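One structure below.
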Amino acid sequence: MNRREFLETVAAAAVVPMLARQDPANEWGAPVFDLHFHLRPQPAANLAHLDGAGITKANLLTRGRVLDQVKALQAAAPGRFTWFNSYDVTQPDAEQVLTQAVKSGAQGFGEMKFHVAADGPELRRMYALAADLRVPILIHFQEVDHTPNEGTWSTGFAKTFEAVLKAYPRTTFIGHADAFWANVSEDYHNEAVYPTGPMRRGGVTDRLLGDYPNLFGDMSAVSGNNAMARDPAFTADFLKRHQGKLLFGSDCSCSDGHGAGYSNPAAPRMSGKCVARETLGLLKRSTTPVIFQKIVWGNVHGLLRIPAS
Ligand SMILES: [Zn+2]
Ligand SMILES: [Zn+2]
């Protein structure tokens, strides 16, 4: 769709979802902010997921030059969307494009999902730039393929990321995806996409969240859900210990906020379900209302320096 068509569909979509919207605060007992929501080409589709899942606000994850689409959606649903931008970190103009995005209103970098090493030169220059611009950087860590020849993303988390956290103390890192969440358990060695069974204490991610004030955890996707679904007693304690460092996100691709069209071959249990709903329910069952509110709403407002209204 071209820009004119996009703006026309935004105008058409602007009224309907507001009418259809239920009061999200009632459904979950707190307003909800989705940190990890990929911008959808059809404007109404963005609002359909938020409204369907009982979500008040979302952070749009985008790539490349998308300012027109973001501004149009923000205008159609005032106050409901912040945005992060990403750009191919192997390209020479990556710093220039991302700097311009922040000047135009982007509040972070992400998601950064590229076939490079987590401590390699391509991402290191992004870590430095994020610190200079005072915005967080959201990174997808994955070491195990979901599909043949998928390749790996921001590799080396378990072995090398502590040195990165030390080297860039002014950078705010937000960790996400399979390797970040599987390494909450101490016994993980890249043997599964979504490991199962009880958690063993002392995992890298758990330790880094405790030791480094510049690391936060994005709980989105099946990876975040899986980590918190494995071991209820561990989960309750983990949420309590890291209550100021965890951020709810969905990374859900269902169409209606109720699971329509969702499937993940590596996680059959989630088929036909909305990842947002599944994780919100899991968090609500696993912790107190006060901690739940911080994870789904309060923490992100502090991190992005936006008022929690
Ligand atoms: Zn991701
Ligand atoms: Zn969903």
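Going by the structure tokens order, chains are called A, B, ..., each with residues numbered from 1, while ligands are numbered from 1 in the order shown.
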Which chain A residues have any atom within 9 Å of an atom of ligand 2, and for each, what is the nearest pair of atoms with distance in Å to one decimal, counting only C-alpha atoms and all ligand atoms, rows sorted by chain and number, as a tab-separated table?
```
residue	atom	partner	partner_atom_place_in_ligand_line	distance
A:His49	CA	ligand 2	1 (Zn)	6.1
A:Leu50	CA	ligand 2	1 (Zn)	8.3
A:Gly52	CA	ligand 2	1 (Zn)	8.0
A:Ala53	CA	ligand 2	1 (Zn)	6.6
A:Ser250	CA	ligand 2	1 (Zn)	7.1
A:Asp251	CA	ligand 2	1 (Zn)	7.9
A:Cys252	CA	ligand 2	1 (Zn)	4.6
A:Ser253	CA	ligand 2	1 (Zn)	5.7
A:Cys254	CA	ligand 2	1 (Zn)	4.2
A:Ser255	CA	ligand 2	1 (Zn)	6.4
A:Asp256	CA	ligand 2	1 (Zn)	6.4
A:Gly257	CA	ligand 2	1 (Zn)	4.0
A:His258	CA	ligand 2	1 (Zn)	5.8
A:Gly259	CA	ligand 2	1 (Zn)	5.2
A:Ala260	CA	ligand 2	1 (Zn)	7.5
A:Gly261	CA	ligand 2	1 (Zn)	8.9
A:Tyr262	CA	ligand 2	1 (Zn)	7.4
A:Lys273	CA	ligand 2	1 (Zn)	7.0
A:Cys274	CA	ligand 2	1 (Zn)	3.6
A:Val275	CA	ligand 2	1 (Zn)	5.2
A:Ala276	CA	ligand 2	1 (Zn)	5.3
A:Arg277	CA	ligand 2	1 (Zn)	6.8
A:Glu278	CA	ligand 2	1 (Zn)	8.8
```
Since we have the selection now, will you write its residues out, keeping all heavy atoms, as a short mmCIF file (atom, residue, chain, number, x, y, z; two decimals), in the first residue's frame?
```
data_model
loop_
_atom_site.label_atom_id
_atom_site.label_comp_id
_atom_site.auth_asym_id
_atom_site.auth_seq_id
_atom_site.Cartn_x
_atom_site.Cartn_y
_atom_site.Cartn_z
N HIS A 49 -5.55 -5.63 17.62
CA HIS A 49 -4.84 -6.48 18.58
C HIS A 49 -4.83 -5.86 19.97
O HIS A 49 -5.06 -6.55 20.97
CB HIS A 49 -3.40 -6.79 18.13
CG HIS A 49 -2.80 -7.90 18.93
ND1 HIS A 49 -2.07 -7.69 20.08
CD2 HIS A 49 -2.88 -9.26 18.78
CE1 HIS A 49 -1.71 -8.87 20.59
NE2 HIS A 49 -2.19 -9.83 19.82
N LEU A 50 -4.58 -4.57 20.05
CA LEU A 50 -4.59 -3.92 21.37
C LEU A 50 -5.96 -4.07 22.03
O LEU A 50 -6.06 -4.52 23.18
CB LEU A 50 -4.24 -2.43 21.24
CG LEU A 50 -2.76 -2.06 21.39
CD1 LEU A 50 -1.94 -2.57 20.23
CD2 LEU A 50 -2.59 -0.54 21.51
N GLY A 52 -8.45 -6.06 21.35
CA GLY A 52 -8.87 -7.44 21.59
C GLY A 52 -8.21 -8.05 22.81
O GLY A 52 -8.81 -8.85 23.53
N ALA A 53 -6.97 -7.68 23.05
CA ALA A 53 -6.22 -8.28 24.17
C ALA A 53 -6.32 -7.45 25.44
O ALA A 53 -5.71 -7.79 26.45
CB ALA A 53 -4.76 -8.48 23.77
N SER A 250 4.19 -8.48 24.05
CA SER A 250 3.47 -9.62 23.45
C SER A 250 4.28 -10.29 22.34
O SER A 250 4.45 -11.49 22.34
CB SER A 250 2.11 -9.18 22.93
OG SER A 250 2.23 -8.40 21.75
N ASP A 251 4.74 -9.54 21.36
CA ASP A 251 5.34 -10.12 20.15
C ASP A 251 4.37 -11.13 19.56
O ASP A 251 4.79 -12.16 19.04
CB ASP A 251 6.69 -10.77 20.48
CG ASP A 251 7.58 -10.94 19.25
OD1 ASP A 251 7.22 -10.41 18.18
OD2 ASP A 251 8.63 -11.58 19.36
N CYS A 252 3.09 -10.85 19.67
CA CYS A 252 2.06 -11.78 19.20
C CYS A 252 1.65 -11.40 17.79
O CYS A 252 1.53 -10.23 17.47
CB CYS A 252 0.85 -11.73 20.12
SG CYS A 252 -0.41 -12.95 19.67
N SER A 253 1.42 -12.42 16.96
CA SER A 253 1.02 -12.15 15.58
C SER A 253 -0.45 -12.49 15.34
O SER A 253 -0.90 -12.50 14.20
CB SER A 253 1.90 -12.93 14.61
OG SER A 253 1.80 -14.31 14.88
N CYS A 254 -1.19 -12.81 16.39
CA CYS A 254 -2.61 -13.12 16.17
C CYS A 254 -3.33 -11.86 15.69
O CYS A 254 -2.87 -10.74 15.91
CB CYS A 254 -3.25 -13.72 17.41
SG CYS A 254 -3.99 -12.56 18.59
N SER A 255 -4.47 -12.05 15.04
CA SER A 255 -5.11 -10.90 14.40
C SER A 255 -6.04 -10.14 15.33
O SER A 255 -6.23 -8.94 15.16
CB SER A 255 -5.87 -11.35 13.15
OG SER A 255 -6.87 -12.28 13.52
N ASP A 256 -6.62 -10.82 16.32
CA ASP A 256 -7.73 -10.19 17.04
C ASP A 256 -7.50 -10.03 18.55
O ASP A 256 -8.41 -9.64 19.27
CB ASP A 256 -9.00 -11.01 16.82
CG ASP A 256 -8.88 -12.45 17.31
OD1 ASP A 256 -7.76 -12.85 17.74
OD2 ASP A 256 -9.88 -13.18 17.28
N GLY A 257 -6.31 -10.35 19.03
CA GLY A 257 -6.09 -10.29 20.48
C GLY A 257 -6.76 -11.43 21.23
O GLY A 257 -6.84 -11.42 22.46
N HIS A 258 -7.21 -12.43 20.47
CA HIS A 258 -7.80 -13.62 21.09
C HIS A 258 -7.20 -14.90 20.50
O HIS A 258 -7.74 -15.98 20.71
CB HIS A 258 -9.32 -13.63 20.91
CG HIS A 258 -10.01 -12.59 21.73
ND1 HIS A 258 -10.39 -12.79 23.05
CD2 HIS A 258 -10.37 -11.32 21.43
CE1 HIS A 258 -10.96 -11.69 23.52
NE2 HIS A 258 -10.96 -10.76 22.56
N GLY A 259 -6.15 -14.77 19.72
CA GLY A 259 -5.45 -15.95 19.22
C GLY A 259 -5.72 -16.32 17.77
O GLY A 259 -5.11 -17.27 17.26
N ALA A 260 -6.58 -15.60 17.08
CA ALA A 260 -6.90 -15.97 15.71
C ALA A 260 -5.66 -15.95 14.82
O ALA A 260 -4.94 -14.95 14.78
CB ALA A 260 -7.96 -15.03 15.13
N GLY A 261 -5.42 -17.07 14.15
CA GLY A 261 -4.31 -17.16 13.19
C GLY A 261 -2.95 -17.37 13.82
O GLY A 261 -1.95 -17.42 13.10
N TYR A 262 -2.88 -17.54 15.13
CA TYR A 262 -1.54 -17.70 15.73
C TYR A 262 -1.09 -19.16 15.69
O TYR A 262 -1.83 -20.05 16.12
CB TYR A 262 -1.51 -17.22 17.19
CG TYR A 262 -0.08 -17.27 17.73
CD1 TYR A 262 0.81 -16.26 17.45
CD2 TYR A 262 0.38 -18.39 18.45
CE1 TYR A 262 2.13 -16.32 17.89
CE2 TYR A 262 1.69 -18.46 18.88
CZ TYR A 262 2.56 -17.42 18.60
OH TYR A 262 3.86 -17.48 19.01
N LYS A 273 -3.82 -19.39 20.32
CA LYS A 273 -3.89 -18.55 21.51
C LYS A 273 -3.21 -17.22 21.25
O LYS A 273 -2.35 -17.12 20.38
CB LYS A 273 -3.25 -19.25 22.70
CG LYS A 273 -4.01 -20.51 23.09
CD LYS A 273 -3.44 -21.16 24.32
CE LYS A 273 -4.32 -22.35 24.73
NZ LYS A 273 -3.62 -23.23 25.65
N CYS A 274 -3.57 -16.22 22.03
CA CYS A 274 -2.91 -14.92 21.94
C CYS A 274 -1.78 -14.89 22.96
O CYS A 274 -2.02 -15.10 24.16
CB CYS A 274 -3.92 -13.81 22.23
SG CYS A 274 -3.15 -12.17 22.34
N VAL A 275 -0.57 -14.66 22.50
CA VAL A 275 0.58 -14.66 23.42
C VAL A 275 0.41 -13.59 24.49
O VAL A 275 0.76 -13.79 25.66
CB VAL A 275 1.91 -14.45 22.65
CG1 VAL A 275 3.10 -14.53 23.60
CG2 VAL A 275 2.06 -15.48 21.54
N ALA A 276 -0.14 -12.44 24.10
CA ALA A 276 -0.37 -11.38 25.09
C ALA A 276 -1.27 -11.87 26.21
O ALA A 276 -0.94 -11.75 27.39
CB ALA A 276 -0.99 -10.16 24.41
N ARG A 277 -2.39 -12.45 25.83
CA ARG A 277 -3.35 -12.94 26.83
C ARG A 277 -2.74 -14.04 27.69
O ARG A 277 -2.95 -14.09 28.91
CB ARG A 277 -4.61 -13.48 26.15
CG ARG A 277 -5.47 -12.40 25.60
CD ARG A 277 -6.81 -12.94 25.10
NE ARG A 277 -7.68 -11.79 24.99
CZ ARG A 277 -8.36 -11.27 26.01
NH1 ARG A 277 -8.34 -11.85 27.20
NH2 ARG A 277 -9.07 -10.18 25.86
N GLU A 278 -2.03 -14.96 27.05
CA GLU A 278 -1.46 -16.08 27.81
C GLU A 278 -0.46 -15.57 28.85
O GLU A 278 -0.44 -16.01 29.99
CB GLU A 278 -0.76 -17.05 26.86
CG GLU A 278 -1.71 -17.81 25.95
CD GLU A 278 -2.75 -18.61 26.72
OE1 GLU A 278 -2.35 -19.46 27.52
OE2 GLU A 278 -3.96 -18.35 26.53
#
```
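The binding environment of ligand 1, defined as every protein, DNA or RNA residue with an atom no more than 9 Å away and counting only C-alpha atoms and all ligand atoms, comprises A:His36, A:Glu111, A:Met112, A:Lys113, A:Leu138, A:Ile139, A:His140, A:Phe141, A:Gln142, A:His176, A:Ala177, A:Asp178, A:Ser220, A:Ala221, A:Asp251.
When only C-alpha atoms are used to measure the gap to A:Asn299, the shortest distance among A:Phe216, A:Glu150, A:Asn226, A:Met270 belongs to A:Phe216.
Atom CA of A:Val296 is found 15.5 Å from atom CA of A:Asp51.
For the set A:Ala167, A:Val144, A:Ala229, A:Val300, the residue with the smallest atom-to-atom gap to A:Ala131 is A:Ala167, counting only C-alpha atoms.
The residue that comes closest to A:Asp119, out of A:Gly249, A:Pro41, A:Gly156, A:Gly197 and on the basis of only C-alpha atoms, is A:Gly156.
Pairwise distance (atom CA of A:Arg241, atom CA of A:Val193) equals 25.2 Å.
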*Using DSSP on the backbone, list every residue of stretch 172-232 of chain A that comes out as alpha helix (DSSP H), and give them as an NGL selection string.*
:A and (178-182 or 204-211 or 221-229 or 232)
Selected residues written out, N, CA and C atoms, as a PDB file, in the first residue's frame:
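File written: selection_5.pdb
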```pdb
ATOM      1  N   ASP A 178      14.795 -16.172  22.679  1.00  0.00           N
ATOM      2  CA  ASP A 178      15.055 -17.529  23.169  1.00  0.00           C
ATOM      3  C   ASP A 178      16.263 -17.641  24.098  1.00  0.00           C
ATOM      4  N   ALA A 179      17.409 -17.129  23.674  1.00  0.00           N
ATOM      5  CA  ALA A 179      18.627 -17.331  24.469  1.00  0.00           C
ATOM      6  C   ALA A 179      18.566 -16.525  25.767  1.00  0.00           C
ATOM      7  N   PHE A 180      17.968 -15.359  25.719  1.00  0.00           N
ATOM      8  CA  PHE A 180      17.847 -14.543  26.940  1.00  0.00           C
ATOM      9  C   PHE A 180      17.017 -15.287  27.984  1.00  0.00           C
ATOM     10  N   TRP A 181      15.870 -15.824  27.573  1.00  0.00           N
ATOM     11  CA  TRP A 181      14.958 -16.445  28.552  1.00  0.00           C
ATOM     12  C   TRP A 181      15.354 -17.863  28.907  1.00  0.00           C
ATOM     13  N   ALA A 182      15.905 -18.621  27.976  1.00  0.00           N
ATOM     14  CA  ALA A 182      16.327 -19.988  28.318  1.00  0.00           C
ATOM     15  C   ALA A 182      17.456 -19.949  29.346  1.00  0.00           C
ATOM     16  N   VAL A 204      22.539 -17.393  33.884  1.00  0.00           N
ATOM     17  CA  VAL A 204      23.217 -16.153  33.494  1.00  0.00           C
ATOM     18  C   VAL A 204      22.253 -14.959  33.509  1.00  0.00           C
ATOM     19  N   THR A 205      21.094 -15.126  32.892  1.00  0.00           N
ATOM     20  CA  THR A 205      20.148 -14.009  32.779  1.00  0.00           C
ATOM     21  C   THR A 205      19.700 -13.531  34.153  1.00  0.00           C
ATOM     22  N   ASP A 206      19.401 -14.471  35.027  1.00  0.00           N
ATOM     23  CA  ASP A 206      18.961 -14.146  36.380  1.00  0.00           C
ATOM     24  C   ASP A 206      20.044 -13.335  37.107  1.00  0.00           C
ATOM     25  N   ARG A 207      21.269 -13.786  36.963  1.00  0.00           N
ATOM     26  CA  ARG A 207      22.385 -13.105  37.624  1.00  0.00           C
ATOM     27  C   ARG A 207      22.623 -11.707  37.035  1.00  0.00           C
ATOM     28  N   LEU A 208      22.602 -11.595  35.711  1.00  0.00           N
ATOM     29  CA  LEU A 208      22.857 -10.289  35.082  1.00  0.00           C
ATOM     30  C   LEU A 208      21.764  -9.280  35.430  1.00  0.00           C
ATOM     31  N   LEU A 209      20.510  -9.735  35.476  1.00  0.00           N
ATOM     32  CA  LEU A 209      19.424  -8.818  35.854  1.00  0.00           C
ATOM     33  C   LEU A 209      19.633  -8.285  37.274  1.00  0.00           C
ATOM     34  N   GLY A 210      20.173  -9.144  38.126  1.00  0.00           N
ATOM     35  CA  GLY A 210      20.423  -8.731  39.501  1.00  0.00           C
ATOM     36  C   GLY A 210      21.639  -7.832  39.652  1.00  0.00           C
ATOM     37  N   ASP A 211      22.647  -8.059  38.831  1.00  0.00           N
ATOM     38  CA  ASP A 211      23.933  -7.373  39.026  1.00  0.00           C
ATOM     39  C   ASP A 211      24.098  -6.080  38.221  1.00  0.00           C
ATOM     40  N   ALA A 221       6.815 -12.809  23.684  1.00  0.00           N
ATOM     41  CA  ALA A 221       6.985 -13.977  22.821  1.00  0.00           C
ATOM     42  C   ALA A 221       6.837 -15.280  23.606  1.00  0.00           C
ATOM     43  N   VAL A 222       6.871 -16.392  22.894  1.00  0.00           N
ATOM     44  CA  VAL A 222       6.783 -17.692  23.553  1.00  0.00           C
ATOM     45  C   VAL A 222       7.988 -17.889  24.468  1.00  0.00           C
ATOM     46  N   SER A 223       9.129 -17.316  24.104  1.00  0.00           N
ATOM     47  CA  SER A 223      10.332 -17.475  24.945  1.00  0.00           C
ATOM     48  C   SER A 223      10.115 -16.942  26.359  1.00  0.00           C
ATOM     49  N   GLY A 224       9.534 -15.758  26.472  1.00  0.00           N
ATOM     50  CA  GLY A 224       9.271 -15.185  27.792  1.00  0.00           C
ATOM     51  C   GLY A 224       8.194 -15.967  28.523  1.00  0.00           C
ATOM     52  N   ASN A 225       7.142 -16.316  27.789  1.00  0.00           N
ATOM     53  CA  ASN A 225       6.057 -17.097  28.374  1.00  0.00           C
ATOM     54  C   ASN A 225       6.568 -18.450  28.860  1.00  0.00           C
ATOM     55  N   ASN A 226       7.373 -19.123  28.029  1.00  0.00           N
ATOM     56  CA  ASN A 226       7.885 -20.444  28.363  1.00  0.00           C
ATOM     57  C   ASN A 226       8.717 -20.415  29.652  1.00  0.00           C
ATOM     58  N   ALA A 227       9.567 -19.411  29.764  1.00  0.00           N
ATOM     59  CA  ALA A 227      10.427 -19.334  30.952  1.00  0.00           C
ATOM     60  C   ALA A 227       9.590 -19.197  32.223  1.00  0.00           C
ATOM     61  N   MET A 228       8.501 -18.420  32.141  1.00  0.00           N
ATOM     62  CA  MET A 228       7.695 -18.176  33.323  1.00  0.00           C
ATOM     63  C   MET A 228       6.662 -19.277  33.586  1.00  0.00           C
ATOM     64  N   ALA A 229       6.451 -20.162  32.580  1.00  0.00           N
ATOM     65  CA  ALA A 229       5.459 -21.233  32.726  1.00  0.00           C
ATOM     66  C   ALA A 229       6.056 -22.525  33.275  1.00  0.00           C
ATOM     67  N   PRO A 232       6.328 -22.786  38.707  1.00  0.00           N
ATOM     68  CA  PRO A 232       5.582 -21.712  39.382  1.00  0.00           C
ATOM     69  C   PRO A 232       6.286 -21.122  40.613  1.00  0.00           C
TER      70      PRO A 232
END
```
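From atom CA of A:Ala30 back to atom CA of A:Pro268, the distance works out to 29.3 Å.
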*Backbone DSSP call of strand (DSSP E or B) for stretch 17-167 of chain A, listed as a PyMOL selection string*: chain A and resi 33-38+57-63+81-86+109-112+117+137-140+142+153+155
Can I get the selected residues back with N, CA and C atoms, as a PDB file, in the first residue's frame?
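The file below, result16.pdb, is the result:
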```
ATOM      1  N   PHE A  33       0.725  -2.006  29.113  1.00  0.00           N
ATOM      2  CA  PHE A  33       1.585  -1.460  28.049  1.00  0.00           C
ATOM      3  C   PHE A  33       2.323  -2.623  27.410  1.00  0.00           C
ATOM      4  N   ASP A  34       2.184  -2.772  26.110  1.00  0.00           N
ATOM      5  CA  ASP A  34       2.862  -3.844  25.366  1.00  0.00           C
ATOM      6  C   ASP A  34       4.158  -3.274  24.768  1.00  0.00           C
ATOM      7  N   LEU A  35       5.285  -3.645  25.370  1.00  0.00           N
ATOM      8  CA  LEU A  35       6.579  -3.118  24.909  1.00  0.00           C
ATOM      9  C   LEU A  35       6.966  -3.643  23.531  1.00  0.00           C
ATOM     10  N   HIS A  36       6.442  -4.798  23.157  1.00  0.00           N
ATOM     11  CA  HIS A  36       6.956  -5.505  21.974  1.00  0.00           C
ATOM     12  C   HIS A  36       5.829  -5.774  20.982  1.00  0.00           C
ATOM     13  N   PHE A  37       5.496  -4.759  20.215  1.00  0.00           N
ATOM     14  CA  PHE A  37       4.398  -4.869  19.260  1.00  0.00           C
ATOM     15  C   PHE A  37       4.886  -4.426  17.882  1.00  0.00           C
ATOM     16  N   HIS A  38       4.974  -5.377  16.961  1.00  0.00           N
ATOM     17  CA  HIS A  38       5.457  -5.045  15.608  1.00  0.00           C
ATOM     18  C   HIS A  38       4.365  -4.301  14.821  1.00  0.00           C
ATOM     19  N   LYS A  57      -1.790   0.633  25.759  1.00  0.00           N
ATOM     20  CA  LYS A  57      -0.779   1.292  24.933  1.00  0.00           C
ATOM     21  C   LYS A  57       0.222   0.262  24.433  1.00  0.00           C
ATOM     22  N   ALA A  58       0.874   0.585  23.331  1.00  0.00           N
ATOM     23  CA  ALA A  58       1.903  -0.319  22.820  1.00  0.00           C
ATOM     24  C   ALA A  58       3.066   0.462  22.232  1.00  0.00           C
ATOM     25  N   ASN A  59       4.218  -0.195  22.277  1.00  0.00           N
ATOM     26  CA  ASN A  59       5.425   0.341  21.669  1.00  0.00           C
ATOM     27  C   ASN A  59       5.607  -0.333  20.312  1.00  0.00           C
ATOM     28  N   LEU A  60       5.577   0.459  19.251  1.00  0.00           N
ATOM     29  CA  LEU A  60       5.705  -0.081  17.902  1.00  0.00           C
ATOM     30  C   LEU A  60       7.161  -0.387  17.606  1.00  0.00           C
ATOM     31  N   LEU A  61       7.425  -1.626  17.203  1.00  0.00           N
ATOM     32  CA  LEU A  61       8.762  -1.973  16.743  1.00  0.00           C
ATOM     33  C   LEU A  61       8.744  -1.892  15.225  1.00  0.00           C
ATOM     34  N   THR A  62       9.683  -1.150  14.670  1.00  0.00           N
ATOM     35  CA  THR A  62       9.671  -0.868  13.235  1.00  0.00           C
ATOM     36  C   THR A  62      11.077  -1.021  12.681  1.00  0.00           C
ATOM     37  N   ARG A  63      11.166  -1.053  11.360  1.00  0.00           N
ATOM     38  CA  ARG A  63      12.489  -1.120  10.726  1.00  0.00           C
ATOM     39  C   ARG A  63      12.523  -0.172   9.525  1.00  0.00           C
ATOM     40  N   PHE A  81       0.488   4.926  21.219  1.00  0.00           N
ATOM     41  CA  PHE A  81       1.660   4.283  20.607  1.00  0.00           C
ATOM     42  C   PHE A  81       2.941   5.098  20.779  1.00  0.00           C
ATOM     43  N   THR A  82       3.940   4.457  21.362  1.00  0.00           N
ATOM     44  CA  THR A  82       5.316   4.961  21.273  1.00  0.00           C
ATOM     45  C   THR A  82       5.994   4.116  20.185  1.00  0.00           C
ATOM     46  N   TRP A  83       7.238   4.456  19.835  1.00  0.00           N
ATOM     47  CA  TRP A  83       7.895   3.583  18.844  1.00  0.00           C
ATOM     48  C   TRP A  83       9.396   3.516  19.011  1.00  0.00           C
ATOM     49  N   PHE A  84       9.901   2.341  18.629  1.00  0.00           N
ATOM     50  CA  PHE A  84      11.337   2.087  18.513  1.00  0.00           C
ATOM     51  C   PHE A  84      11.620   1.844  17.027  1.00  0.00           C
ATOM     52  N   ASN A  85      12.818   2.189  16.606  1.00  0.00           N
ATOM     53  CA  ASN A  85      13.184   1.921  15.222  1.00  0.00           C
ATOM     54  C   ASN A  85      14.451   1.065  15.161  1.00  0.00           C
ATOM     55  N   SER A  86      14.551   0.256  14.115  1.00  0.00           N
ATOM     56  CA  SER A  86      15.779  -0.498  13.880  1.00  0.00           C
ATOM     57  C   SER A  86      16.180  -0.327  12.416  1.00  0.00           C
ATOM     58  N   PHE A 109      15.881   1.891  20.245  1.00  0.00           N
ATOM     59  CA  PHE A 109      16.317   1.097  19.105  1.00  0.00           C
ATOM     60  C   PHE A 109      15.737  -0.305  19.267  1.00  0.00           C
ATOM     61  N   GLY A 110      15.072  -0.819  18.220  1.00  0.00           N
ATOM     62  CA  GLY A 110      14.619  -2.200  18.321  1.00  0.00           C
ATOM     63  C   GLY A 110      13.464  -2.505  17.379  1.00  0.00           C
ATOM     64  N   GLU A 111      13.203  -3.826  17.215  1.00  0.00           N
ATOM     65  CA  GLU A 111      14.112  -4.744  17.848  1.00  0.00           C
ATOM     66  C   GLU A 111      15.335  -4.938  16.970  1.00  0.00           C
ATOM     67  N   MET A 112      16.500  -5.087  17.602  1.00  0.00           N
ATOM     68  CA  MET A 112      17.728  -5.350  16.872  1.00  0.00           C
ATOM     69  C   MET A 112      17.824  -6.872  16.686  1.00  0.00           C
ATOM     70  N   ALA A 117      27.241 -10.986  15.914  1.00  0.00           N
ATOM     71  CA  ALA A 117      27.564 -11.351  17.292  1.00  0.00           C
ATOM     72  C   ALA A 117      27.124 -10.238  18.239  1.00  0.00           C
ATOM     73  N   ILE A 137      18.053   0.075  24.024  1.00  0.00           N
ATOM     74  CA  ILE A 137      18.226  -0.776  22.842  1.00  0.00           C
ATOM     75  C   ILE A 137      17.704  -2.174  23.161  1.00  0.00           C
ATOM     76  N   LEU A 138      16.772  -2.648  22.339  1.00  0.00           N
ATOM     77  CA  LEU A 138      16.095  -3.927  22.567  1.00  0.00           C
ATOM     78  C   LEU A 138      16.688  -4.966  21.610  1.00  0.00           C
ATOM     79  N   ILE A 139      17.185  -6.061  22.178  1.00  0.00           N
ATOM     80  CA  ILE A 139      17.959  -7.028  21.384  1.00  0.00           C
ATOM     81  C   ILE A 139      17.329  -8.426  21.411  1.00  0.00           C
ATOM     82  N   HIS A 140      17.262  -9.034  20.229  1.00  0.00           N
ATOM     83  CA  HIS A 140      16.792 -10.417  20.068  1.00  0.00           C
ATOM     84  C   HIS A 140      18.005 -11.353  20.106  1.00  0.00           C
ATOM     85  N   GLN A 142      19.249 -15.210  19.990  1.00  0.00           N
ATOM     86  CA  GLN A 142      18.794 -16.561  19.629  1.00  0.00           C
ATOM     87  C   GLN A 142      19.941 -17.377  19.061  1.00  0.00           C
ATOM     88  N   TRP A 153      20.962 -15.148  15.908  1.00  0.00           N
ATOM     89  CA  TRP A 153      20.750 -13.707  16.037  1.00  0.00           C
ATOM     90  C   TRP A 153      21.438 -13.176  17.294  1.00  0.00           C
ATOM     91  N   THR A 155      24.451 -13.353  18.586  1.00  0.00           N
ATOM     92  CA  THR A 155      24.958 -14.566  19.228  1.00  0.00           C
ATOM     93  C   THR A 155      25.951 -14.279  20.351  1.00  0.00           C
TER      94      THR A 155
END
```
_What's around A:Val32 at 9 Å? Count only C-alpha atoms, leave out sequence neighbours fewer than 3 positions away in its own chain, and write the answer as number ranges by chain._
A: 24-25, 28, 54-58, 248, 280, 293, 295-297
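Residues in contact with A:Thr172 at 7 Å, where only C-alpha atoms are counted and same-chain residues fewer than 6 positions away are skipped, are listed as Pro136, Ile137, Asn214 and Leu215 of chain A.
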